[in-house]
Structures are given as C-alpha cells and as structure tokens.
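Listing of final.csv; format and content: CSV, C-alpha atoms.
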chain,number,residue,atom,x,y,z
A,1,MET,CA,-17.7,-44.6,19.3
A,2,ILE,CA,-14.5,-42.6,19.6
A,3,SER,CA,-12.5,-45.2,17.7
A,4,ARG,CA,-12.9,-45.1,13.9
A,5,SER,CA,-12.7,-48.1,11.5
A,6,GLY,CA,-9.8,-46.6,9.6
A,7,ASP,CA,-7.6,-46.0,12.7
A,8,SER,CA,-4.2,-47.6,12.7
A,9,PRO,CA,-3.6,-50.3,15.4
A,10,LEU,CA,-1.3,-47.9,17.2
A,11,VAL,CA,-4.0,-45.2,17.4
A,12,SER,CA,-6.6,-47.8,18.5
A,13,LEU,CA,-4.3,-49.1,21.2
A,14,SER,CA,-3.6,-45.6,22.4
A,15,LEU,CA,-7.3,-44.9,22.7
A,16,SER,CA,-7.9,-48.1,24.6
A,17,VAL,CA,-5.0,-47.3,27.0
A,18,TYR,CA,-6.2,-43.8,27.5
A,19,ARG,CA,-9.7,-45.0,28.2
A,20,VAL,CA,-8.4,-47.2,31.0
A,21,LEU,CA,-6.3,-44.2,32.4
A,22,LEU,CA,-9.5,-42.1,32.5
A,23,ALA,CA,-11.0,-44.5,35.0
A,24,SER,CA,-8.4,-43.1,37.6
A,25,TYR,CA,-10.1,-39.6,37.7
A,26,PRO,CA,-12.6,-38.9,40.4
A,27,GLN,CA,-16.1,-40.0,39.4
A,28,SER,CA,-17.8,-36.6,39.1
A,29,PHE,CA,-14.9,-35.3,36.9
A,30,ARG,CA,-15.1,-38.5,34.8
A,31,GLN,CA,-18.8,-38.1,34.3
A,32,ASP,CA,-18.5,-34.6,33.1
A,33,TYR,CA,-15.4,-34.7,31.0
A,34,ALA,CA,-14.1,-38.2,30.3
A,35,PRO,CA,-15.9,-38.6,26.9
A,36,HIS,CA,-14.6,-35.1,25.8
A,37,MET,CA,-11.1,-35.8,27.0
A,38,LEU,CA,-11.1,-39.1,25.1
A,39,GLN,CA,-12.4,-37.4,21.9
A,40,ALA,CA,-9.8,-34.6,22.1
A,41,PHE,CA,-7.1,-37.2,22.8
A,42,GLY,CA,-8.2,-39.3,19.9
A,43,ASP,CA,-8.3,-36.4,17.4
A,44,TYR,CA,-4.8,-35.2,18.5
A,45,THR,CA,-3.4,-38.7,18.5
A,46,ARG,CA,-4.5,-39.3,14.9
A,47,ARG,CA,-3.0,-36.0,13.9
A,48,VAL,CA,0.3,-36.7,15.6
A,49,TYR,CA,0.5,-40.2,14.0
A,50,MET,CA,-0.3,-39.0,10.5
A,51,GLN,CA,2.2,-36.1,10.7
A,52,ARG,CA,5.0,-37.5,12.7
A,53,GLY,CA,4.6,-41.3,12.9
A,54,TRP,CA,6.2,-43.4,15.7
A,55,ALA,CA,8.5,-40.7,16.9
A,56,GLY,CA,5.6,-38.3,17.3
A,57,MET,CA,3.6,-40.9,19.1
A,58,LEU,CA,6.5,-41.5,21.6
A,59,TRP,CA,6.6,-37.7,22.3
A,60,TRP,CA,2.9,-37.5,22.6
A,61,TRP,CA,2.6,-40.4,25.0
A,62,THR,CA,5.4,-39.0,27.2
A,63,LEU,CA,3.5,-35.7,27.4
A,64,THR,CA,0.2,-37.5,27.9
A,65,PHE,CA,1.6,-39.5,30.7
A,66,PHE,CA,2.9,-36.5,32.6
A,67,ASP,CA,-0.3,-34.6,31.9
A,68,PHE,CA,-2.3,-37.6,33.2
A,69,ALA,CA,-0.2,-38.0,36.4
A,70,ASN,CA,-0.3,-34.3,37.2
A,71,SER,CA,-4.0,-33.7,36.5
A,72,VAL,CA,-5.3,-36.9,38.1
A,73,LEU,CA,-3.4,-36.0,41.3
A,74,GLU,CA,-4.8,-32.4,41.2
A,75,GLU,CA,-8.4,-33.5,40.7
A,76,HIS,CA,-8.2,-36.0,43.5
A,77,LEU,CA,-6.6,-33.4,45.9
A,78,GLN,CA,-9.2,-30.9,44.9
A,79,GLY,CA,-11.9,-33.5,45.5
A,80,MET,CA,-10.4,-34.2,49.0
A,81,THR,CA,-10.5,-30.5,49.8
A,82,ASN,CA,-14.1,-30.3,48.9
A,83,MET,CA,-14.9,-33.6,50.5
A,84,THR,CA,-17.9,-33.8,52.8
A,85,LYS,CA,-17.6,-35.4,56.2
A,86,GLU,CA,-19.5,-38.5,55.0
A,87,LYS,CA,-17.2,-39.0,52.1
A,88,PHE,CA,-14.1,-38.6,54.3
A,89,ILE,CA,-15.4,-41.3,56.7
A,90,GLN,CA,-16.1,-43.6,53.7
A,91,LEU,CA,-12.5,-43.0,52.5
A,92,GLY,CA,-11.3,-43.7,56.0
A,93,SER,CA,-13.2,-47.0,56.2
A,94,TRP,CA,-11.5,-48.1,52.9
A,95,ALA,CA,-8.1,-46.9,54.2
A,96,LEU,CA,-8.5,-49.1,57.4
A,97,MET,CA,-9.5,-52.1,55.4
A,98,LEU,CA,-6.5,-51.6,53.0
A,99,GLY,CA,-4.3,-50.9,55.9
A,100,GLY,CA,-5.3,-54.3,57.4
A,101,VAL,CA,-4.6,-56.0,54.1
A,102,ALA,CA,-1.2,-54.2,53.7
A,103,LEU,CA,-0.2,-55.2,57.3
A,104,PHE,CA,-1.2,-58.8,56.7
A,105,ILE,CA,0.8,-59.0,53.5
A,106,GLY,CA,3.7,-57.1,55.1
A,107,PHE,CA,3.9,-59.5,58.0
A,108,GLN,CA,3.7,-62.5,55.7
A,109,ALA,CA,6.5,-61.0,53.6
A,110,GLY,CA,8.6,-60.4,56.6
A,111,GLY,CA,8.3,-64.0,57.6
A,112,ASN,CA,9.7,-65.1,54.2
A,113,GLU,CA,12.8,-63.0,54.1
A,114,ASN,CA,15.2,-66.0,54.2
A,115,SER,CA,13.7,-67.6,51.2
A,116,ALA,CA,14.9,-66.9,47.6
A,117,LEU,CA,11.8,-64.9,46.9
A,118,GLY,CA,12.3,-62.9,50.1
A,119,GLN,CA,15.8,-61.9,49.1
A,120,SER,CA,14.9,-60.5,45.7
A,121,SER,CA,15.1,-56.7,45.4
A,122,PHE,CA,11.6,-56.6,43.8
A,123,TYR,CA,10.2,-58.3,46.8
A,124,ALA,CA,12.1,-56.0,49.2
A,125,ASN,CA,10.7,-52.9,47.3
A,126,ILE,CA,7.1,-54.2,47.6
A,127,GLU,CA,7.7,-54.8,51.3
A,128,ASP,CA,9.1,-51.2,51.7
A,129,ALA,CA,6.1,-49.8,49.8
A,130,LEU,CA,3.7,-51.7,52.1
A,131,TRP,CA,5.4,-50.4,55.3
A,132,LEU,CA,5.4,-46.9,54.0
A,133,SER,CA,1.7,-47.0,52.9
A,134,THR,CA,0.3,-48.5,56.1
A,135,PRO,CA,0.9,-45.4,58.4
A,136,ILE,CA,-0.9,-43.2,55.9
A,137,LEU,CA,-3.8,-45.6,55.7
A,138,PHE,CA,-4.0,-46.0,59.5
A,139,ALA,CA,-3.8,-42.2,60.1
A,140,THR,CA,-6.7,-41.7,57.6
A,141,GLY,CA,-8.7,-44.6,59.1
A,142,TYR,CA,-8.3,-43.4,62.7
A,143,ALA,CA,-9.2,-39.8,61.7
A,144,ALA,CA,-12.3,-41.1,60.1
A,145,LEU,CA,-13.2,-43.2,63.1
A,146,ARG,CA,-12.8,-40.2,65.3
A,147,SER,CA,-14.9,-38.1,63.0
A,148,GLN,CA,-17.7,-40.8,62.9
A,149,TYR,CA,-18.0,-41.5,66.7
A,150,ARG,CA,-16.7,-38.2,68.1
A,151,GLU,CA,-20.0,-37.2,69.7
A,152,LYS,CA,-20.4,-40.6,71.4
A,153,MET,CA,-16.9,-41.4,72.5
A,154,GLY,CA,-15.3,-40.5,75.7
A,155,ALA,CA,-12.1,-38.6,76.3
A,156,LEU,CA,-10.1,-41.8,76.3
A,157,GLY,CA,-11.3,-42.9,72.8
A,158,ASN,CA,-10.8,-39.3,71.5
A,159,PHE,CA,-7.3,-39.1,72.8
A,160,ALA,CA,-6.4,-42.6,71.6
A,161,LEU,CA,-7.4,-42.0,68.0
A,162,LEU,CA,-5.8,-38.5,68.0
A,163,ALA,CA,-2.6,-40.0,69.3
A,164,GLY,CA,-2.9,-42.8,66.7
A,165,VAL,CA,-3.1,-40.3,63.9
A,166,ILE,CA,-0.1,-38.2,65.2
A,167,THR,CA,2.2,-41.2,65.9
A,168,SER,CA,1.3,-42.8,62.5
A,169,VAL,CA,2.4,-39.6,60.8
A,170,GLY,CA,5.5,-39.4,63.0
A,171,GLY,CA,6.3,-43.0,62.2
A,172,LEU,CA,5.9,-42.3,58.5
A,173,LEU,CA,8.1,-39.3,58.6
A,174,GLY,CA,10.8,-41.3,60.5
A,175,MET,CA,10.7,-44.0,57.9
A,176,LEU,CA,10.8,-41.5,55.0
A,177,ALA,CA,13.8,-39.8,56.6
A,178,GLY,CA,15.4,-43.2,57.0
A,179,PHE,CA,14.8,-44.3,53.4
A,180,PHE,CA,15.6,-41.1,51.6
A,181,MET,CA,18.3,-39.5,53.9
A,182,ASN,CA,20.1,-42.8,54.4
A,183,LEU,CA,19.4,-42.7,58.2
A,184,GLU,CA,18.9,-46.5,58.3
A,185,ASP,CA,19.1,-46.5,62.1
A,186,ILE,CA,15.8,-44.8,62.5
A,187,VAL,CA,13.7,-46.9,60.1
A,188,TRP,CA,13.2,-49.8,62.5
A,189,PRO,CA,12.4,-47.6,65.6
A,190,SER,CA,10.0,-45.5,63.4
A,191,LEU,CA,8.2,-48.7,62.2
A,192,MET,CA,8.0,-50.0,65.8
A,193,LEU,CA,6.7,-46.6,67.0
A,194,PHE,CA,4.0,-46.9,64.4
A,195,PHE,CA,3.0,-50.5,65.2
A,196,ILE,CA,3.0,-50.1,68.9
A,197,SER,CA,1.1,-46.8,68.9
A,198,ALA,CA,-1.4,-48.1,66.3
A,199,MET,CA,-2.1,-51.2,68.4
A,200,LEU,CA,-2.3,-49.1,71.6
A,201,SER,CA,-4.7,-46.7,70.0
A,202,MET,CA,-6.9,-49.5,68.8
A,203,ALA,CA,-6.9,-51.1,72.2
A,204,LEU,CA,-7.8,-47.9,74.0
A,205,PHE,CA,-10.4,-46.9,71.5
A,206,GLY,CA,-11.8,-50.4,71.7
A,207,PHE,CA,-11.9,-50.2,75.5
A,208,ASP,CA,-13.7,-46.8,75.3
A,209,ALA,CA,-16.2,-48.2,72.7
A,210,LEU,CA,-16.8,-51.3,74.8
A,211,ARG,CA,-17.5,-49.2,77.9
A,212,ARG,CA,-19.9,-46.8,76.1
A,213,GLY,CA,-21.3,-49.3,73.6
A,214,TYR,CA,-21.3,-47.1,70.5
A,215,LEU,CA,-20.0,-49.5,68.0
A,216,PRO,CA,-22.9,-51.1,66.1
A,217,ARG,CA,-21.4,-54.6,66.0
A,218,TRP,CA,-18.4,-56.6,67.1
A,219,GLY,CA,-18.1,-54.2,70.0
A,220,SER,CA,-15.2,-56.1,71.7
A,221,PHE,CA,-13.2,-56.8,68.6
A,222,PRO,CA,-11.1,-53.6,68.4
A,223,PHE,CA,-10.1,-54.0,72.0
A,224,ILE,CA,-9.1,-57.6,71.5
A,225,ALA,CA,-7.3,-56.9,68.2
A,226,GLY,CA,-5.3,-54.1,69.8
A,227,ALA,CA,-4.7,-55.4,73.2
A,228,LEU,CA,-3.8,-59.1,72.5
A,229,PRO,CA,-0.7,-58.3,70.3
A,230,LEU,CA,0.5,-55.8,72.8
A,231,LEU,CA,0.0,-58.3,75.6
A,232,ALA,CA,1.9,-61.0,73.6
A,233,LEU,CA,4.8,-58.5,72.9
A,234,GLY,CA,5.0,-57.7,76.6
A,235,LEU,CA,4.9,-61.4,77.5
A,236,SER,CA,7.7,-62.2,75.1
A,237,LEU,CA,9.8,-59.5,76.7
A,238,LEU,CA,9.2,-60.9,80.1
A,239,ILE,CA,9.9,-64.5,79.2
A,240,GLU,CA,13.1,-63.9,77.3
A,241,GLU,CA,15.8,-61.4,77.7
A,242,ARG,CA,16.3,-61.7,74.0
A,243,PRO,CA,12.8,-61.5,72.6
A,244,TRP,CA,14.0,-62.5,69.1
A,245,ALA,CA,15.3,-65.8,70.4
A,246,PRO,CA,13.0,-68.9,69.8
A,247,THR,CA,10.5,-69.6,72.6
A,248,PRO,CA,7.7,-72.1,72.9
A,249,LEU,CA,5.3,-69.2,72.6
A,250,ASP,CA,6.5,-68.3,69.1
A,251,PRO,CA,3.7,-69.9,67.1
A,252,ILE,CA,1.2,-67.8,69.1
A,253,LEU,CA,3.3,-64.7,69.0
A,254,ASP,CA,3.6,-65.0,65.2
A,255,VAL,CA,-0.1,-64.9,64.8
A,256,MET,CA,-0.6,-61.8,67.0
A,257,PRO,CA,0.3,-59.2,64.4
A,258,LEU,CA,-2.1,-60.9,62.0
A,259,VAL,CA,-4.9,-60.5,64.7
A,260,PHE,CA,-4.2,-56.8,64.6
A,261,ALA,CA,-4.3,-56.7,60.8
A,262,VAL,CA,-7.6,-58.6,60.7
A,263,GLY,CA,-9.0,-56.3,63.5
A,264,ALA,CA,-8.1,-53.2,61.4
A,265,PHE,CA,-9.8,-54.7,58.3
A,266,LEU,CA,-13.0,-55.6,60.3
A,267,LEU,CA,-13.1,-52.2,61.9
A,268,GLY,CA,-12.9,-50.6,58.5
A,269,TYR,CA,-15.7,-52.9,57.2
A,270,MET,CA,-17.9,-52.1,60.2
A,271,LEU,CA,-17.4,-48.4,59.7
A,272,GLN,CA,-18.5,-48.7,56.1
A,273,GLU,CA,-21.6,-50.7,57.1
A,274,ASP,CA,-22.4,-48.2,59.7
A,275,ILE,CA,-22.3,-45.3,57.2
A,276,LYS,CA,-24.5,-47.3,54.8
A,277,ALA,CA,-27.0,-48.1,57.6
A,278,LYS,CA,-27.2,-44.4,58.6
A,279,HIS,CA,-27.6,-43.4,54.9
A,280,LYS,CA,-30.5,-45.8,54.5
A,281,SER,CA,-32.3,-44.7,57.7
A,282,ALA,CA,-31.8,-41.0,56.8
B,283,MET,CA,-14.0,-17.7,47.4
B,284,THR,CA,-16.9,-18.0,44.9
B,285,ALA,CA,-17.0,-16.6,41.4
B,286,SER,CA,-19.5,-13.9,42.4
B,287,THR,CA,-17.4,-12.5,45.1
B,288,GLN,CA,-14.1,-12.4,43.1
B,289,SER,CA,-13.0,-9.3,41.3
B,290,PRO,CA,-11.1,-9.8,38.0
B,291,GLN,CA,-7.9,-8.8,39.8
B,292,ASP,CA,-8.3,-11.7,42.2
B,293,HIS,CA,-7.6,-14.2,39.3
B,294,LEU,CA,-4.2,-12.7,38.6
B,295,PRO,CA,-1.6,-13.9,37.8
B,296,LEU,CA,-3.0,-16.6,35.6
B,297,THR,CA,-1.4,-20.0,35.2
B,298,PRO,CA,0.1,-20.5,31.7
B,299,ALA,CA,-2.7,-23.1,31.0
B,300,VAL,CA,-5.5,-20.7,31.9
B,301,PHE,CA,-3.9,-17.8,30.1
B,302,ASN,CA,-3.5,-19.8,26.9
B,303,ILE,CA,-7.0,-21.2,26.9
B,304,LEU,CA,-8.4,-17.7,27.4
B,305,MET,CA,-6.2,-16.5,24.5
B,306,ALA,CA,-7.4,-19.4,22.3
B,307,LEU,CA,-11.0,-18.4,23.0
B,308,ALA,CA,-10.4,-14.7,22.5
B,309,ASP,CA,-11.3,-14.8,18.8
B,310,GLY,CA,-14.3,-17.1,19.0
B,311,GLU,CA,-15.8,-20.2,20.6
B,312,LYS,CA,-13.9,-23.5,20.2
B,313,HIS,CA,-14.1,-27.1,21.4
B,314,GLY,CA,-11.4,-28.9,23.4
B,315,TYR,CA,-9.4,-30.2,20.5
B,316,GLY,CA,-9.7,-26.8,18.8
B,317,ILE,CA,-8.3,-25.2,21.9
B,318,MET,CA,-5.4,-27.7,22.0
B,319,LEU,CA,-4.5,-26.9,18.4
B,320,GLU,CA,-4.8,-23.1,18.9
B,321,VAL,CA,-2.6,-23.2,22.0
B,322,GLU,CA,0.0,-25.2,20.1
B,323,THR,CA,0.0,-22.7,17.3
B,324,ASN,CA,0.0,-19.6,19.5
B,325,THR,CA,2.9,-20.8,21.6
B,326,SER,CA,4.9,-22.4,18.7
B,327,GLY,CA,4.6,-25.7,20.6
B,328,MET,CA,6.2,-24.3,23.7
B,329,VAL,CA,3.1,-25.0,25.9
B,330,PRO,CA,2.0,-28.5,25.0
B,331,MET,CA,-1.4,-29.1,26.5
B,332,GLY,CA,-2.8,-32.5,27.2
B,333,PRO,CA,-6.5,-33.3,27.7
B,334,GLY,CA,-6.0,-33.6,31.5
B,335,THR,CA,-4.7,-30.1,32.0
B,336,LEU,CA,-7.1,-28.7,29.4
B,337,TYR,CA,-10.3,-30.1,30.9
B,338,GLY,CA,-9.1,-29.6,34.5
B,339,SER,CA,-8.6,-25.9,33.7
B,340,ILE,CA,-11.9,-25.8,31.8
B,341,LYS,CA,-13.7,-27.1,34.9
B,342,ARG,CA,-12.2,-24.5,37.1
B,343,MET,CA,-12.7,-21.7,34.6
B,344,LEU,CA,-16.4,-22.6,34.2
B,345,LYS,CA,-16.7,-22.6,38.0
B,346,ALA,CA,-15.1,-19.1,38.2
B,347,SER,CA,-17.4,-18.0,35.3
B,348,LEU,CA,-14.4,-17.0,33.1
B,349,ILE,CA,-15.8,-19.2,30.3
B,350,GLU,CA,-19.2,-20.7,29.5
B,351,GLU,CA,-20.6,-23.5,27.3
B,352,ALA,CA,-21.9,-22.3,23.9
B,353,ASP,CA,-25.2,-23.7,22.7
B,354,ASP,CA,-24.8,-22.8,19.1
B,355,ARG,CA,-22.2,-24.3,16.8
B,356,PRO,CA,-20.2,-22.7,14.0
B,357,ASP,CA,-21.4,-25.3,11.5
B,358,SER,CA,-23.5,-28.1,12.9
B,359,ASP,CA,-23.6,-30.0,9.5
B,360,LEU,CA,-19.8,-30.3,9.5
B,361,ASP,CA,-19.3,-31.0,13.1
B,362,ASP,CA,-19.6,-33.8,15.6
B,363,GLU,CA,-22.6,-33.0,17.7
B,364,ARG,CA,-21.1,-34.6,20.8
B,365,ARG,CA,-18.5,-31.9,21.0
B,366,ARG,CA,-18.8,-29.2,23.6
B,367,TYR,CA,-18.0,-25.7,22.6
B,368,TYR,CA,-16.7,-23.0,25.0
B,369,ARG,CA,-16.6,-19.2,24.8
B,370,LEU,CA,-15.3,-16.3,26.9
B,371,THR,CA,-17.7,-14.6,29.3
B,372,GLY,CA,-17.5,-10.8,30.0
B,373,ALA,CA,-15.5,-11.5,33.2
B,374,GLY,CA,-13.2,-13.9,31.3
B,375,GLU,CA,-12.4,-11.2,28.7
B,376,GLN,CA,-11.8,-8.7,31.4
B,377,VAL,CA,-9.4,-11.0,33.2
B,378,LEU,CA,-7.6,-11.8,30.0
B,379,ARG,CA,-7.1,-8.0,29.2
B,380,LEU,CA,-5.8,-7.4,32.7
B,381,GLU,CA,-3.3,-10.3,32.5
B,382,ALA,CA,-2.2,-9.2,29.1
B,383,LYS,CA,-1.5,-5.7,30.5
B,384,ARG,CA,0.3,-7.1,33.4
B,385,LEU,CA,2.5,-9.2,31.2
B,386,ALA,CA,3.1,-6.2,28.8
B,387,SER,CA,4.3,-4.2,31.8
B,388,GLN,CA,6.7,-6.9,32.8
B,389,VAL,CA,8.0,-7.1,29.2
B,390,SER,CA,8.5,-3.3,29.3
B,391,MET,CA,10.5,-3.6,32.4
B,392,ALA,CA,12.6,-6.4,30.8
B,393,LYS,CA,13.2,-4.0,27.8
B,394,ALA,CA,14.2,-1.2,30.0
B,395,LYS,CA,16.8,-3.4,31.6
B,396,ASN,CA,18.0,-4.3,28.0
B,397,LEU,CA,17.2,-7.9,28.5
B,398,LEU,CA,15.5,-8.3,25.1
B,399,ALA,CA,18.1,-6.8,22.9
B,400,ASP,CA,19.3,-10.2,21.6
B,401,LEU,CA,15.7,-11.2,20.7
B,402,ALA,CA,15.0,-8.0,18.9
B,403,GLY,CA,18.1,-8.7,16.7
B,404,GLY,CA,20.0,-5.7,18.2
B,405,THR,CA,23.3,-5.8,20.0
B,406,SER,CA,23.3,-6.2,23.7
B,407,ARG,CA,24.9,-3.5,25.8
Written form, structure tokens:
Amino acid sequence: MISRSGDSPLVSLSLSVYRVLLASYPQSFRQDYAPHMLQAFGDYTRRVYMQRGWAGMLWWWTLTFFDFANSVLEEHLQGMTNMTKEKFIQLGSWALMLGGVALFIGFQAGGNENSALGQSSFYANIEDALWLSTPILFATGYAALRSQYREKMGALGNFALLAGVITSVGGLLGMLAGFFMNLEDIVWPSLMLFFISAMLSMALFGFDALRRGYLPRWGSFPFIAGALPLLALGLSLLIEERPWAPTPLDPILDVMPLVFAVGAFLLGYMLQEDIKAKHKSA
Amino acid sequence: MTASTQSPQDHLPLTPAVFNILMALADGEKHGYGIMLEVETNTSGMVPMGPGTLYGSIKRMLKASLIEEADDRPDSDLDDERRRYYRLTGAGEQVLRLEAKRLASQVSMAKAKNLLADLAGGTSR
C-alpha cells in the first residue's frame, strides 16, 4: 500500500486522484513505472504538506498537473511512433466507432438547437468539440481501413479511403481556421466538405468491397451507409430549390445522417472483430 | 537510432531534465524520490521535476543505456524494498562530462561578453 495510516485526508485524497490520473498513461509505461511514480508522488506530497501546508499543496498540484499533461501526451505520442501496424489498425477501429458515436450525438445536438438546452453555451461548446473531433477520428479510421485491406482492395477503394483521409484533414483545418482565426464563413463549408467527402469515401469503399468481397461480414453495409445519405441529399436538392425548407421527405432525410453514423460505428466494430479473428487464427 | 550505434556526442545537447537526473546520479545511485529531492536542491528549486517527467526521462535514459538499475541497495534494512534504484553507466558518465564541458564553454563565452558581471557582484561595463 502506498497510502499510510497516518496520512492526512488531503494527502490521501491526492494519492487517490494521482492513482486515477496514472490510468491515462499507455499500458506498457504504466506497468513498468506507475507504482514507482505513485510512491515518489506520495513521498513528495507528504513532504510538501508537512513543510508548506495548503499553499505548498496548491503549488505542488499545479506543477503535477502540468507534469502529468505534458508527460502523458509525450508517452502516447512516442507509443504511436513505435506503433505496430496491428496496433494502428486497432486504434483506427476504435476511432471509427467513436467517430460514429460523435456524429450521432452531434446530429442529435444539431436538431435541438432551438431548445433552451440547445442555446446554452456549454451545449454549444460540446457540439463544437464533437464536430472538431470527428474529422480526426474518421481520418484515423479510414487510414486504418486502408492499411487493413490494402492488398485486397482495388484502385477505387484505395483512392476513396486516401481521399477520405485527405479531405477529413482539410475539413478539420478549415474548421480550426474558422474557430481560431474568426473566419466564421469557412466553418460551415469545411464541415460540409468533411461530411460529403466522408460519405462519398465510405460509399466508394463500400462499392469496391462489395465488388471484391473482402469484408468478412455486413459486406453491403458501408456502401448503403455512405450512398443513402448522399442520395437523400441529392434528392432534397432536386425536389426543393431551398433544401432547408420543409418537405414531406424531411423525416426520412433527418434519419439519413444517422444511418451514416451507425454505418461508421459498425464498420469500426467489424474491423476490430476482423483483427481479433486474424489474431486467433495466427 | 539504437543505443549501441549512438556516440556520446549524439546525445548532446541534453534536455534540462536528463542533465539534472544525470547530475543527481553522479555521486551515487538513487531512487526516484531521491532524484527529485536532489534535483530540487541542485537547482535551488528552479527545475521542479514531477514524477511524469522523471520516469519518462528514466525510461528513455535506460533505453539509451545512460543509466541502469542497481541491484544492491545502500541500506536494505532502512529502505522500502519496492523502490527501484538507478545509477550512471560508463556511457552516461561520459555524456554528462561532455555536456558539462559544453555548458562550461558557453558560460565562458557569456563571461567574455561581460554578461555575467552582475552575477559575480562586479560592475557591468
């Protein structure tokens, strides 16, 4: 036990919080060093508390927080640099699933913007964070899909996923420029660039996969999840000059982005299952 | 680049964290908390070192063979047996000497430009 019976409540609380923070480090680093980090942190915390009291603890926690944020990022970045192909694909599968969930929540949040909740700044910040995180997640997921099926896919699938990665990064850069350089006019087009290219990439990849049959299950799902929302968007533009005006098709159109979000989640899940199956058979 | 293909010169310049950890180990093996205290004393608290920076640097220094784990403990009766002790390797000592020389030459240059006159208690210019 790192905690001692004579510890003050503040020291015990600090140890508990630091133990939780240690869980954020990469697993291999945690296995090797977490007990020693906790012990060193505990010893130093006791010393600071005895010598400098509350003020010292405030200083020590400020320093610890920056030390934690900096080192956890560094260890993860280093882990990514040394990552094997298999680990990258696994990360990508999680990214696609999370991307699907983020899109789902983002679309739901967008639909509630007239409510009291939808108008709160906290809610708006969450929505912005979701829109900013999805291009990163999709770029990682598409890169992992390309890595996993590169030898089996045709030129169309290869091009579709590569274009998906590039336009996701482009969409993200546009949104970042819009948010941080006050270029609000480019936020919406950047978001749309990301959505449409992500859907198109999934549809073309799905078509390629369907033609060549390399997905282990739900072979038609990526094509449906990518193509249906695009088709719906095209239809809405054809039916109405003003696509945002109410139409009888609206209930169906509203569901379409969610189809894409579910499709991304299932594609990520399938990728993860495929890695597990290959790992077992190896 | 792996540890075996790196010359001591390749490690320079050292980061403040690595330099201070090597300095702390220069006069004998120490555990993590001991290194934190030694760095705090050596730098008059100017380089505060948290456990994340400390053990992240230790991991990289072990990989580069600048330090190694010590099996024997200074006094096993008085110490917690879970603690891990570290000591300098020959390569680590060499790198520390080279970095100290490099810094000394920079300090000499600063002196030649009369930049340290105030610190030495003299009058500037």
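One finds CA of Leu103 (chain A) at 20.6 Å from CA of Leu162 (chain A).
Shortest separation to chain B among A:Met153, A:Leu10, A:Val17, A:Val72 occurs at residue A:Val72, atoms counted being only C-alpha atoms.
Residue-level contact on chain B: within 7 Å of chain A, counting all atoms listed in the file, the set is B:Gly314, B:Tyr315, B:Gly332, B:Pro333, B:Gly334, B:Thr335, B:Tyr337, B:Gly338, B:Arg365.
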field: Spatial neighbours of Leu370 (chain B), 12 Å, only C-alpha atoms, chain gap at least 3 places, as a VMD selection string
entry: chain B and resid 300 to 301 303 to 312 340 343 to 344 346 to 352 367 373 to 379
Please produce an output containing C-alpha atoms for each residue in the selection, written as a PDB file, keeping the file's coordinate frame.
ATOM      1  CA  VAL B 300      -5.500 -20.700  31.900  1.00  0.00           C
ATOM      2  CA  PHE B 301      -3.900 -17.800  30.100  1.00  0.00           C
ATOM      3  CA  ILE B 303      -7.000 -21.200  26.900  1.00  0.00           C
ATOM      4  CA  LEU B 304      -8.400 -17.700  27.400  1.00  0.00           C
ATOM      5  CA  MET B 305      -6.200 -16.500  24.500  1.00  0.00           C
ATOM      6  CA  ALA B 306      -7.400 -19.400  22.300  1.00  0.00           C
ATOM      7  CA  LEU B 307     -11.000 -18.400  23.000  1.00  0.00           C
ATOM      8  CA  ALA B 308     -10.400 -14.700  22.500  1.00  0.00           C
ATOM      9  CA  ASP B 309     -11.300 -14.800  18.800  1.00  0.00           C
ATOM     10  CA  GLY B 310     -14.300 -17.100  19.000  1.00  0.00           C
ATOM     11  CA  GLU B 311     -15.800 -20.200  20.600  1.00  0.00           C
ATOM     12  CA  LYS B 312     -13.900 -23.500  20.200  1.00  0.00           C
ATOM     13  CA  ILE B 340     -11.900 -25.800  31.800  1.00  0.00           C
ATOM     14  CA  MET B 343     -12.700 -21.700  34.600  1.00  0.00           C
ATOM     15  CA  LEU B 344     -16.400 -22.600  34.200  1.00  0.00           C
ATOM     16  CA  ALA B 346     -15.100 -19.100  38.200  1.00  0.00           C
ATOM     17  CA  SER B 347     -17.400 -18.000  35.300  1.00  0.00           C
ATOM     18  CA  LEU B 348     -14.400 -17.000  33.100  1.00  0.00           C
ATOM     19  CA  ILE B 349     -15.800 -19.200  30.300  1.00  0.00           C
ATOM     20  CA  GLU B 350     -19.200 -20.700  29.500  1.00  0.00           C
ATOM     21  CA  GLU B 351     -20.600 -23.500  27.300  1.00  0.00           C
ATOM     22  CA  ALA B 352     -21.900 -22.300  23.900  1.00  0.00           C
ATOM     23  CA  TYR B 367     -18.000 -25.700  22.600  1.00  0.00           C
ATOM     24  CA  ALA B 373     -15.500 -11.500  33.200  1.00  0.00           C
ATOM     25  CA  GLY B 374     -13.200 -13.900  31.300  1.00  0.00           C
ATOM     26  CA  GLU B 375     -12.400 -11.200  28.700  1.00  0.00           C
ATOM     27  CA  GLN B 376     -11.800  -8.700  31.400  1.00  0.00           C
ATOM     28  CA  VAL B 377      -9.400 -11.000  33.200  1.00  0.00           C
ATOM     29  CA  LEU B 378      -7.600 -11.800  30.000  1.00  0.00           C
ATOM     30  CA  ARG B 379      -7.100  -8.000  29.200  1.00  0.00           C
TER      31      ARG B 379
END
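Of the residues under consideration (B:Tyr368, B:Pro295, B:Lys341, B:Leu336), B:Pro295 shows the shortest atom-to-atom contact distance to Ala382 (chain B) when counting only C-alpha atoms.
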message: Which residues are near Phe88 (chain A)? Cut-off 10 Å, all atoms listed in the file, ignore same chain within fewer than 3 positions. Put them as a ChimeraX atom specification.
response: /A:80-85,91-94,140-141,143-145,147-148
How would the residues just chosen look if you wrote them out with C-alpha atoms as a short mmCIF file (atom, residue, chain, number, x, y, z; two decimals), keeping the file's coordinate frame?
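Okay, out13.cif is ready:
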data_model
loop_
_atom_site.label_atom_id
_atom_site.label_comp_id
_atom_site.auth_asym_id
_atom_site.auth_seq_id
_atom_site.Cartn_x
_atom_site.Cartn_y
_atom_site.Cartn_z
CA MET A 80 -10.40 -34.20 49.00
CA THR A 81 -10.50 -30.50 49.80
CA ASN A 82 -14.10 -30.30 48.90
CA MET A 83 -14.90 -33.60 50.50
CA THR A 84 -17.90 -33.80 52.80
CA LYS A 85 -17.60 -35.40 56.20
CA LEU A 91 -12.50 -43.00 52.50
CA GLY A 92 -11.30 -43.70 56.00
CA SER A 93 -13.20 -47.00 56.20
CA TRP A 94 -11.50 -48.10 52.90
CA THR A 140 -6.70 -41.70 57.60
CA GLY A 141 -8.70 -44.60 59.10
CA ALA A 143 -9.20 -39.80 61.70
CA ALA A 144 -12.30 -41.10 60.10
CA LEU A 145 -13.20 -43.20 63.10
CA SER A 147 -14.90 -38.10 63.00
CA GLN A 148 -17.70 -40.80 62.90
#
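Going from CA of Asn324 (chain B) to CA of Asn302 (chain B) covers 8.2 Å.
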Å distance separating CA of Gly178 (chain A) from CA of Val259 (chain A), one decimal place: 27.8 Å
query: Restricting the calculation to only C-alpha atoms, which member of B:Ala386, B:Ala399, B:Met328, B:Leu380 is positioned closest to Leu294 (chain B)?
result: B:Leu380
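Using only C-alpha atoms, the shortest contact distance between Phe265 (chain A) and any of A:Ala232, A:Val169, A:Ala139, A:Leu96 is found at A:Leu96.
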